[in-house]
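So this one's input24.txt, compact mmCIF, C-alpha atoms and all ligand atoms:
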```txt
# COMPACT_ATOMS: atom_id res chain seq x y z
CA MET A 1 -66.15 7.91 19.57
CA GLU A 2 -68.47 6.10 17.12
CA ILE A 3 -68.01 5.96 13.32
CA ILE A 4 -71.26 5.40 11.42
CA PRO A 5 -71.07 5.04 7.62
CA LEU A 6 -73.39 7.39 5.70
CA GLY A 7 -73.33 6.23 2.06
CA ARG A 8 -72.45 2.75 0.75
CA HIS A 9 -69.14 4.05 -0.61
CA ILE A 10 -68.51 7.43 0.97
CA GLY A 11 -69.05 9.39 4.16
CA ALA A 12 -69.23 8.62 7.87
CA GLU A 13 -70.77 10.40 10.82
CA ILE A 14 -68.59 10.73 13.89
CA ARG A 15 -70.56 10.67 17.13
CA GLY A 16 -69.44 11.23 20.68
CA VAL A 17 -66.95 14.03 19.96
CA ASP A 18 -67.39 17.66 21.02
CA LEU A 19 -65.16 19.65 18.68
CA SER A 20 -65.38 22.78 20.84
CA ARG A 21 -63.22 21.07 23.49
CA PRO A 22 -59.53 20.19 23.28
CA LEU A 23 -59.08 16.69 21.83
CA THR A 24 -56.42 14.18 22.84
CA ARG A 25 -53.76 13.14 20.32
CA GLU A 26 -55.41 9.70 20.22
CA VAL A 27 -58.83 11.10 19.25
CA ARG A 28 -57.33 13.48 16.67
CA ASP A 29 -55.44 10.56 15.08
CA ALA A 30 -58.58 8.41 15.07
CA ILE A 31 -60.53 11.20 13.32
CA HIS A 32 -57.75 11.63 10.75
CA ALA A 33 -57.71 7.86 10.08
CA ALA A 34 -61.51 7.82 9.70
CA TRP A 35 -61.21 10.65 7.16
CA LEU A 36 -58.78 8.62 5.05
CA ASP A 37 -61.14 5.62 5.20
CA HIS A 38 -64.42 7.44 4.54
CA LEU A 39 -63.33 10.55 2.54
CA VAL A 40 -66.05 12.73 4.09
CA LEU A 41 -66.78 13.09 7.81
CA LEU A 42 -69.88 14.60 9.40
CA PHE A 43 -70.12 15.95 12.95
CA ARG A 44 -73.66 17.03 13.96
CA ASP A 45 -74.76 19.58 16.56
CA GLN A 46 -71.38 21.25 17.00
CA GLU A 47 -71.41 24.68 18.69
CA LEU A 48 -68.21 26.09 17.22
CA THR A 49 -66.42 29.43 17.40
CA GLN A 50 -64.25 30.51 14.49
CA GLN A 51 -61.17 29.55 16.54
CA ASN A 52 -62.66 26.07 17.18
CA LEU A 53 -63.09 25.66 13.43
CA LEU A 54 -59.45 26.57 12.79
CA ASP A 55 -58.33 24.15 15.54
CA VAL A 56 -60.39 21.32 14.04
CA THR A 57 -58.89 22.02 10.61
CA THR A 58 -55.40 21.27 11.98
CA ILE A 59 -56.44 17.64 12.63
CA PHE A 60 -56.12 17.14 8.87
CA GLY A 61 -52.99 19.17 8.10
CA ARG A 62 -51.83 22.77 7.85
CA ILE A 63 -54.53 25.42 7.48
CA GLY A 64 -54.89 26.61 3.87
CA GLN A 65 -54.03 30.28 3.33
CA LEU A 66 -56.83 32.48 2.11
CA ALA A 67 -56.32 35.90 0.57
CA ARG A 68 -58.91 38.42 1.70
CA PRO A 69 -58.88 42.19 2.14
CA LYS A 70 -57.76 42.95 5.73
CA ALA A 71 -60.73 45.23 6.31
CA PHE A 72 -63.33 42.63 5.26
CA ARG A 73 -66.07 42.60 7.92
CA PRO A 74 -69.22 40.83 6.81
CA PRO A 75 -72.38 41.99 8.59
CA GLY A 76 -73.12 39.95 11.71
CA PHE A 77 -69.43 39.20 12.32
CA ASP A 78 -67.18 41.38 14.49
CA GLY A 79 -64.43 40.20 12.24
CA LEU A 80 -63.54 37.05 10.41
CA LEU A 81 -60.37 35.34 11.57
CA ASP A 82 -57.68 34.85 8.94
CA ASN A 83 -58.18 31.87 6.66
CA ILE A 84 -61.91 31.56 7.30
CA MET A 85 -64.17 32.35 4.38
CA LEU A 86 -67.92 32.69 4.10
CA ILE A 87 -69.99 30.72 1.62
CA SER A 88 -73.27 32.61 1.52
CA ASN A 89 -76.06 34.00 -0.64
CA ILE A 90 -76.88 36.72 1.93
CA ARG A 91 -76.60 40.14 0.33
CA GLU A 92 -75.80 43.57 1.73
CA ASN A 93 -76.37 46.52 -0.61
CA GLY A 94 -77.01 44.01 -3.37
CA GLU A 95 -73.62 42.28 -2.99
CA PRO A 96 -73.19 38.76 -1.57
CA ILE A 97 -71.28 38.75 1.72
CA GLY A 98 -69.68 35.42 0.83
CA ALA A 99 -68.34 33.33 -2.04
CA LEU A 100 -70.21 30.77 -4.19
CA PRO A 101 -73.51 32.44 -3.35
CA ASP A 102 -76.26 31.05 -5.52
CA GLY A 103 -77.85 27.77 -6.43
CA GLU A 104 -76.62 24.64 -8.05
CA MET A 105 -72.96 23.80 -8.62
CA MET A 106 -71.63 21.03 -10.82
CA PHE A 107 -69.25 18.39 -9.48
CA HIS A 108 -65.78 19.70 -8.72
CA HIS A 109 -62.65 19.28 -6.60
CA ASP A 110 -61.99 22.48 -4.67
CA MET A 111 -59.21 24.61 -6.19
CA LEU A 112 -58.32 22.17 -8.96
CA HIS A 113 -57.44 25.27 -10.97
CA ALA A 114 -54.53 25.98 -8.57
CA ALA A 115 -50.99 24.61 -8.95
CA ILE A 116 -51.28 22.98 -5.51
CA PRO A 117 -54.96 22.49 -4.69
CA HIS A 118 -55.96 22.42 -1.03
CA LYS A 119 -56.37 18.80 -0.01
CA GLY A 120 -59.28 19.19 2.39
CA THR A 121 -62.22 21.49 2.99
CA CYS A 122 -64.17 22.03 6.23
CA LEU A 123 -67.66 23.51 5.93
CA TYR A 124 -69.67 24.53 9.02
CA SER A 125 -73.34 25.46 8.66
CA VAL A 126 -74.74 28.51 10.43
CA GLU A 127 -77.98 29.10 8.48
CA VAL A 128 -79.55 26.69 5.97
CA PRO A 129 -82.54 27.00 3.61
CA SER A 130 -85.76 25.04 4.27
CA HIS A 131 -84.88 22.66 1.41
CA GLY A 132 -82.16 22.20 -1.21
CA GLY A 133 -78.56 23.40 -1.03
CA ASP A 134 -77.51 19.80 -0.31
CA THR A 135 -73.84 18.99 -0.86
CA VAL A 136 -73.42 15.75 -2.82
CA PHE A 137 -70.16 13.78 -2.59
CA ALA A 138 -68.74 11.21 -5.03
CA ASN A 139 -66.09 8.62 -4.23
CA GLY A 140 -63.31 9.04 -6.80
CA TYR A 141 -61.51 5.79 -5.85
CA ALA A 142 -64.57 3.62 -6.45
CA ALA A 143 -65.27 5.36 -9.75
CA TYR A 144 -61.63 4.92 -10.88
CA GLU A 145 -61.51 1.26 -9.87
CA THR A 146 -64.67 0.46 -11.89
CA LEU A 147 -63.98 2.67 -14.91
CA PRO A 148 -64.33 0.63 -18.13
CA GLU A 149 -60.92 -0.29 -19.55
CA ALA A 150 -61.71 1.40 -22.89
CA VAL A 151 -62.06 4.73 -21.06
CA ARG A 152 -59.32 4.24 -18.46
CA ALA A 153 -56.48 2.98 -20.67
CA PRO A 154 -56.18 5.98 -23.05
CA LEU A 155 -56.22 8.37 -20.08
CA GLU A 156 -53.75 6.52 -17.84
CA GLY A 157 -50.58 8.64 -17.29
CA LYS A 158 -52.14 11.71 -18.96
CA ARG A 159 -52.63 15.16 -17.49
CA ALA A 160 -55.63 17.45 -17.79
CA PHE A 161 -55.83 21.20 -17.87
CA HIS A 162 -58.24 23.03 -15.52
CA HIS A 163 -59.35 26.57 -15.02
CA TYR A 164 -61.53 28.59 -12.72
CA ASN A 165 -64.43 30.18 -14.49
CA TYR A 166 -67.61 29.52 -12.60
CA GLY A 167 -69.37 32.17 -14.71
CA SER A 168 -69.33 30.09 -17.84
CA THR A 169 -69.92 26.75 -16.17
CA GLN A 170 -72.28 27.54 -13.34
CA LYS A 171 -75.68 28.65 -14.60
CA GLY A 172 -74.18 31.46 -16.70
CA ASP A 173 -75.47 34.41 -14.68
CA GLY A 174 -72.77 36.61 -16.23
CA LYS A 175 -71.20 37.24 -12.83
CA GLY A 176 -68.57 34.54 -12.95
CA THR A 177 -64.93 35.28 -12.50
CA ALA A 178 -62.92 35.34 -15.69
CA ALA A 179 -60.29 32.61 -15.66
CA PHE A 180 -57.69 33.90 -13.21
CA ALA A 181 -55.86 30.72 -12.49
CA GLN A 182 -55.20 27.57 -14.40
CA SER A 183 -53.17 24.43 -13.96
CA SER A 184 -52.63 20.87 -15.10
CA HIS A 185 -52.78 17.73 -12.95
CA PRO A 186 -52.85 13.96 -13.54
CA VAL A 187 -56.24 12.73 -14.83
CA PHE A 188 -56.01 9.98 -12.20
CA ARG A 189 -54.35 11.14 -9.00
CA THR A 190 -52.45 8.95 -6.56
CA HIS A 191 -53.43 9.93 -3.03
CA ASP A 192 -50.31 10.90 -1.10
CA GLU A 193 -51.48 9.27 2.16
CA THR A 194 -53.40 6.15 1.04
CA GLY A 195 -51.46 5.42 -2.18
CA ARG A 196 -54.78 4.72 -3.97
CA LYS A 197 -55.72 6.22 -7.32
CA ALA A 198 -58.81 8.35 -7.87
CA ILE A 199 -60.43 10.32 -10.67
CA TYR A 200 -59.06 13.87 -10.64
CA VAL A 201 -61.03 15.65 -13.40
CA ASN A 202 -64.44 17.25 -13.07
CA ARG A 203 -67.26 18.78 -15.08
CA LEU A 204 -66.97 22.25 -13.56
CA MET A 205 -63.28 23.00 -14.02
CA THR A 206 -61.61 20.58 -16.44
CA GLU A 207 -60.99 21.98 -19.90
CA ARG A 208 -59.23 19.18 -21.76
CA VAL A 209 -56.82 16.27 -21.56
CA GLU A 210 -53.35 17.21 -22.72
CA GLY A 211 -51.94 15.30 -25.70
CA LEU A 212 -55.32 14.23 -27.13
CA SER A 213 -57.37 15.83 -29.90
CA GLY A 214 -60.15 18.11 -28.66
CA GLU A 215 -62.73 15.62 -29.85
CA GLU A 216 -61.11 12.59 -28.18
CA SER A 217 -60.57 14.52 -24.97
CA ALA A 218 -64.22 15.68 -24.83
CA ARG A 219 -65.53 12.17 -25.59
CA LEU A 220 -63.42 10.47 -22.91
CA LEU A 221 -64.05 13.15 -20.29
CA ALA A 222 -67.81 12.88 -20.84
CA GLU A 223 -67.56 9.12 -20.22
CA VAL A 224 -65.50 9.66 -17.07
CA TYR A 225 -67.98 12.23 -15.69
CA ASP A 226 -71.03 10.06 -16.42
CA HIS A 227 -69.38 7.15 -14.62
CA ALA A 228 -67.97 9.18 -11.72
CA GLU A 229 -71.32 10.86 -11.01
CA LYS A 230 -73.34 7.62 -10.85
CA ALA A 231 -75.66 7.32 -7.86
CA ASP A 232 -73.70 4.26 -6.65
CA TRP A 233 -70.73 6.37 -5.50
CA LEU A 234 -72.69 9.26 -3.98
CA TYR A 235 -73.73 10.57 -0.59
CA ALA A 236 -76.04 13.61 -0.54
CA HIS A 237 -75.75 15.64 2.63
CA VAL A 238 -78.91 17.44 3.79
CA TRP A 239 -77.64 20.22 6.04
CA ARG A 240 -78.86 21.13 9.50
CA PRO A 241 -77.48 24.14 11.37
CA ARG A 242 -74.26 23.39 13.30
CA ASP A 243 -73.15 20.52 11.04
CA LEU A 244 -69.45 20.32 10.33
CA LEU A 245 -68.29 18.42 7.25
CA ILE A 246 -64.68 17.78 6.25
CA TRP A 247 -63.97 16.30 2.82
CA ASP A 248 -60.88 15.07 0.97
CA ASN A 249 -60.42 16.81 -2.38
CA ARG A 250 -57.73 14.32 -3.49
CA CYS A 251 -60.14 11.41 -3.85
CA SER A 252 -63.67 12.86 -3.84
CA MET A 253 -65.56 15.54 -5.66
CA HIS A 254 -68.75 17.33 -4.70
CA ALA A 255 -71.69 19.21 -6.18
CA ARG A 256 -74.44 21.39 -4.72
CA THR A 257 -78.17 21.16 -5.43
CA ASP A 258 -80.28 24.23 -6.11
CA PHE A 259 -82.03 26.07 -3.27
CA PRO A 260 -84.57 28.91 -3.00
CA ALA A 261 -82.94 32.23 -3.84
CA GLY A 262 -85.07 34.02 -1.22
CA GLU A 263 -83.81 31.87 1.68
CA ARG A 264 -80.57 32.44 3.57
CA ARG A 265 -77.65 30.02 3.48
CA LEU A 266 -74.55 30.83 5.52
CA MET A 267 -71.51 28.58 5.98
CA LEU A 268 -68.00 29.09 7.35
CA ARG A 269 -65.25 27.42 5.38
CA THR A 270 -61.62 26.57 6.02
CA THR A 271 -59.26 24.52 3.89
CA VAL A 272 -56.29 22.22 4.45
CA GLU A 273 -53.11 22.93 2.52
CA GLY A 274 -52.19 20.35 -0.13
CA GLU A 275 -49.06 18.87 -1.62
CA ALA A 276 -48.18 18.61 -5.33
CA ALA A 277 -50.07 15.69 -6.84
CA PRO A 278 -47.90 12.61 -7.42
CA VAL A 279 -48.76 10.93 -10.77
C1 LIG B 301 -68.03 24.27 -2.14
O1 LIG B 301 -68.04 23.75 -3.23
O2 LIG B 301 -66.98 24.42 -1.53
C2 LIG B 301 -69.32 24.73 -1.52
C3 LIG B 301 -70.26 23.62 -1.29
C4 LIG B 301 -71.56 24.09 -0.70
O3 LIG B 301 -71.83 25.30 -0.62
O4 LIG B 301 -72.34 23.22 -0.31
```
Give the structure from the file, written as structure tokens.
Amino acid sequence: MEIIPLGRHIGAEIRGVDLSRPLTREVRDAIHAAWLDHLVLLFRDQELTQQNLLDVTTIFGRIGQLARPKAFRPPGFDGLLDNIMLISNIRENGEPIGALPDGEMMFHHDMLHAAIPHKGTCLYSVEVPSHGGDTVFANGYAAYETLPEAVRAPLEGKRAFHHYNYGSTQKGDGKGTAAFAQSSHPVFRTHDETGRKAIYVNRLMTERVEGLSGEESARLLAEVYDHAEKADWLYAHVWRPRDLLIWDNRCSMHARTDFPAGERRLMLRTTVEGEAAPV
């Protein structure tokens, strides 16, 4: 197994591993360790079944539970296994067959609106557009460690409040979900496996810092976002079919670039269950 860094601060490609075959304990542990070191792992040219994808997800922890109507059968699939979701802009009878269908998305940590956000996300590409739809990752440790003192100090030990309302924050197409879940977490999260601190607020979901005036909260958050989204900390992934990415939501955030509405994008997604964030 080879580990090849992708960005200067985030991401590594793992070569020499076929994820459709059973892996030894040693290889699974090495992949898990590489994930903690690099935050985002890429495996190219993987021919995976849904069951393979679920098996791979268990390298990183327990599979995240996903609520979905039992009868849900997207076209082209005999059935989706439990806890696999589709991310897709493909429409049947005018309705997207998957979640997060269209275009650009601002930086976010998956499920930050939940009381216990899922710690990891696996995304496997089935169909990709001719250009765009890249997923861009930012290293939250590096951003935290270089945050100017004047921004960091007033936020240290504070919590921020988040909600899920992609409709108001993502392009405003009027189809967003009204806030159905909300939660508060530390502004800077300590990673439960590495013990390192990372930025844990984002432009898509964070509403405000608790215990600060609205104005102070907005000013400091804007500074954090501008710093955390700097090109220095980023890796932009240009998808090819049969790529598998796994990212760590505790110490990285990600965004998506726009892509042509008339071209199909189809991904399978699983998540890894999280633990309550230590301060
Ligand atoms: C996500 O934010 O989970 C989806 C990312 C993507 O579609 O590239």
The residues within 12 Å of (-61.7, 37.1, 8.3), using only C-alpha atoms and the coordinates of the file, should be reported as a PDB file with C-alpha atoms, in the frame of the given file; which are they?
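File point13.pdb, as written:
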```pdb
ATOM      1  CA  GLN A  50     -64.250  30.510  14.490  1.00  0.00           C
ATOM      2  CA  GLN A  51     -61.170  29.550  16.540  1.00  0.00           C
ATOM      3  CA  LEU A  54     -59.450  26.570  12.790  1.00  0.00           C
ATOM      4  CA  GLN A  65     -54.030  30.280   3.330  1.00  0.00           C
ATOM      5  CA  LEU A  66     -56.830  32.480   2.110  1.00  0.00           C
ATOM      6  CA  ALA A  67     -56.320  35.900   0.570  1.00  0.00           C
ATOM      7  CA  ARG A  68     -58.910  38.420   1.700  1.00  0.00           C
ATOM      8  CA  PRO A  69     -58.880  42.190   2.140  1.00  0.00           C
ATOM      9  CA  LYS A  70     -57.760  42.950   5.730  1.00  0.00           C
ATOM     10  CA  ALA A  71     -60.730  45.230   6.310  1.00  0.00           C
ATOM     11  CA  PHE A  72     -63.330  42.630   5.260  1.00  0.00           C
ATOM     12  CA  ARG A  73     -66.070  42.600   7.920  1.00  0.00           C
ATOM     13  CA  PRO A  74     -69.220  40.830   6.810  1.00  0.00           C
ATOM     14  CA  PRO A  75     -72.380  41.990   8.590  1.00  0.00           C
ATOM     15  CA  PHE A  77     -69.430  39.200  12.320  1.00  0.00           C
ATOM     16  CA  ASP A  78     -67.180  41.380  14.490  1.00  0.00           C
ATOM     17  CA  GLY A  79     -64.430  40.200  12.240  1.00  0.00           C
ATOM     18  CA  LEU A  80     -63.540  37.050  10.410  1.00  0.00           C
ATOM     19  CA  LEU A  81     -60.370  35.340  11.570  1.00  0.00           C
ATOM     20  CA  ASP A  82     -57.680  34.850   8.940  1.00  0.00           C
ATOM     21  CA  ASN A  83     -58.180  31.870   6.660  1.00  0.00           C
ATOM     22  CA  ILE A  84     -61.910  31.560   7.300  1.00  0.00           C
ATOM     23  CA  MET A  85     -64.170  32.350   4.380  1.00  0.00           C
ATOM     24  CA  LEU A  86     -67.920  32.690   4.100  1.00  0.00           C
ATOM     25  CA  ILE A  97     -71.280  38.750   1.720  1.00  0.00           C
ATOM     26  CA  GLY A  98     -69.680  35.420   0.830  1.00  0.00           C
ATOM     27  CA  LEU A 268     -68.000  29.090   7.350  1.00  0.00           C
ATOM     28  CA  ARG A 269     -65.250  27.420   5.380  1.00  0.00           C
ATOM     29  CA  THR A 270     -61.620  26.570   6.020  1.00  0.00           C
TER      30      THR A 270
END
```
Just want the residues within 7 Å of ligand LIG 301 (chain B), written as an mmCIF file with C-alpha atoms, in the coordinates of the input, counting all atoms listed in the file.
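Written file, result37.cif:
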```cif
data_model
loop_
_atom_site.group_PDB
_atom_site.id
_atom_site.type_symbol
_atom_site.label_atom_id
_atom_site.label_comp_id
_atom_site.auth_asym_id
_atom_site.auth_seq_id
_atom_site.Cartn_x
_atom_site.Cartn_y
_atom_site.Cartn_z
ATOM 1 C CA ILE A 87 -69.990 30.720 1.620
ATOM 2 C CA LEU A 100 -70.210 30.770 -4.190
ATOM 3 C CA ASP A 110 -61.990 22.480 -4.670
ATOM 4 C CA GLY A 133 -78.560 23.400 -1.030
ATOM 5 C CA ASP A 134 -77.510 19.800 -0.310
ATOM 6 C CA THR A 135 -73.840 18.990 -0.860
ATOM 7 C CA HIS A 254 -68.750 17.330 -4.700
ATOM 8 C CA ALA A 255 -71.690 19.210 -6.180
ATOM 9 C CA ARG A 256 -74.440 21.390 -4.720
#
```
Using all atoms listed in the file, determine which residues lie at most 7 Å from Arg62 in chain A, disregarding the query and same-chain residues fewer than 2 positions distant; provide the list as a list of chain:residue names. A:Thr58, A:Gly64, A:Val272, A:Glu273
Dump C-alpha atoms for the selected residues as a CSV table (one decimal), keeping the file's coordinate frame?
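Just written: out-v7.csv:
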```csv
chain,number,residue,atom,x,y,z
A,58,THR,CA,-55.4,21.3,12.0
A,64,GLY,CA,-54.9,26.6,3.9
A,272,VAL,CA,-56.3,22.2,4.4
A,273,GLU,CA,-53.1,22.9,2.5
```
Query - Polymer residues at most 7 Å from range 4-10 of chain A, all atoms listed in the file, same-chain spacing of 5 or more positions, as number ranges by chain - result: A: 38-40, 139, 233-235
Pairwise distance, CA of Arg44 in chain A with CA of Asp243 in chain A, equals 4.6 Å
Name the residues in contact with Pro101 in chain A at a cut-off of 12 Å, using all atoms listed in the file, excluding same-chain residues fewer than 4 positions from it; report them as a list in words.
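The residues that qualify are Leu86, Ile87, Ser88, Asn89, Ile90, Arg91, Glu95, Pro96, Ile97, Met105, Gly133, Tyr166, Gln170, Asp173, Lys175, Gly176, Arg256, Asp258, Phe259, Pro260, Ala261, Gly262, Glu263, Arg264, Arg265, Leu266 and Met267 of chain A.
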Quiz prompt | Surrounding residues of Leu23 in chain A excluding itself and chain neighbours under 4 positions, 10 Å, only C-alpha atoms, as a VMD selection string | solution = chain A and resid 17 to 19 27 to 29 55 to 56 59
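The space separating CA of Tyr200 in chain A from CA of Val238 in chain A comes to 24.8 Å.
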Box dimensions and centre (Å, one decimal) enclosing range 29-41 of chain A, axis-aligned, 4 Å extra per side, as lines of an AutoDock Vina configuration file:
```
center_x = -61.1
center_y = 9.4
center_z = 8.8
size_x = 19.3
size_y = 15.5
size_z = 20.5
```
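Of the residues under consideration (A:Ser213, A:Asn249, A:Gln46, A:Thr257), A:Gln46 shows the shortest atom-to-atom contact distance to Tyr124 in chain A when counting all atoms listed in the file.
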Query raised in the report: Out of A:Met111, A:Ala143, A:Val187, A:Ile63, which residue has the shortest atom-to-atom distance to Leu204 in chain A when counting only C-alpha atoms?
Result: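 That would be A:Met111, the residue with the smallest distance to Leu204 in chain A.
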Check your understanding: With all atoms listed in the file as the atoms that count, which of A:Phe60, A:Tyr164, A:Ala218, A:Ala150 lies nearest to Met205 in chain A?
Key ->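 Going through A:Phe60, A:Tyr164, A:Ala218, A:Ala150 one by one, the smallest distance to Met205 in chain A is for A:Tyr164.
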### Query
Can you tell me how far CA of Ala114 in chain A sits from CA of Val128 in chain A, in Å to one decimal?
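Atom-to-atom, CA of Ala114 in chain A to CA of Val128 in chain A, that is 28.9 Å.
Closest to Thr146 in chain A among A:Gly103, A:Glu127, A:Ser20, A:Val224 is A:Val224, based on only C-alpha atoms.
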(request) Give me the residues within 7 Å of Ile116 in chain A as a ChimeraX atom specification, counting only C-alpha atoms and dropping any in the same chain fewer than 3 places off. (result) /A:274-276
Using only C-alpha atoms, the best pick from A:Ala198, A:Leu147, A:Ala231, A:Ile246 as closest to Gly11 in chain A would be A:Ile246
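Distances to Arg219 in chain A were evaluated for A:Leu123, A:Met253, A:Leu244, A:Leu155 using all atoms listed in the file, and the minimum falls at A:Leu155.
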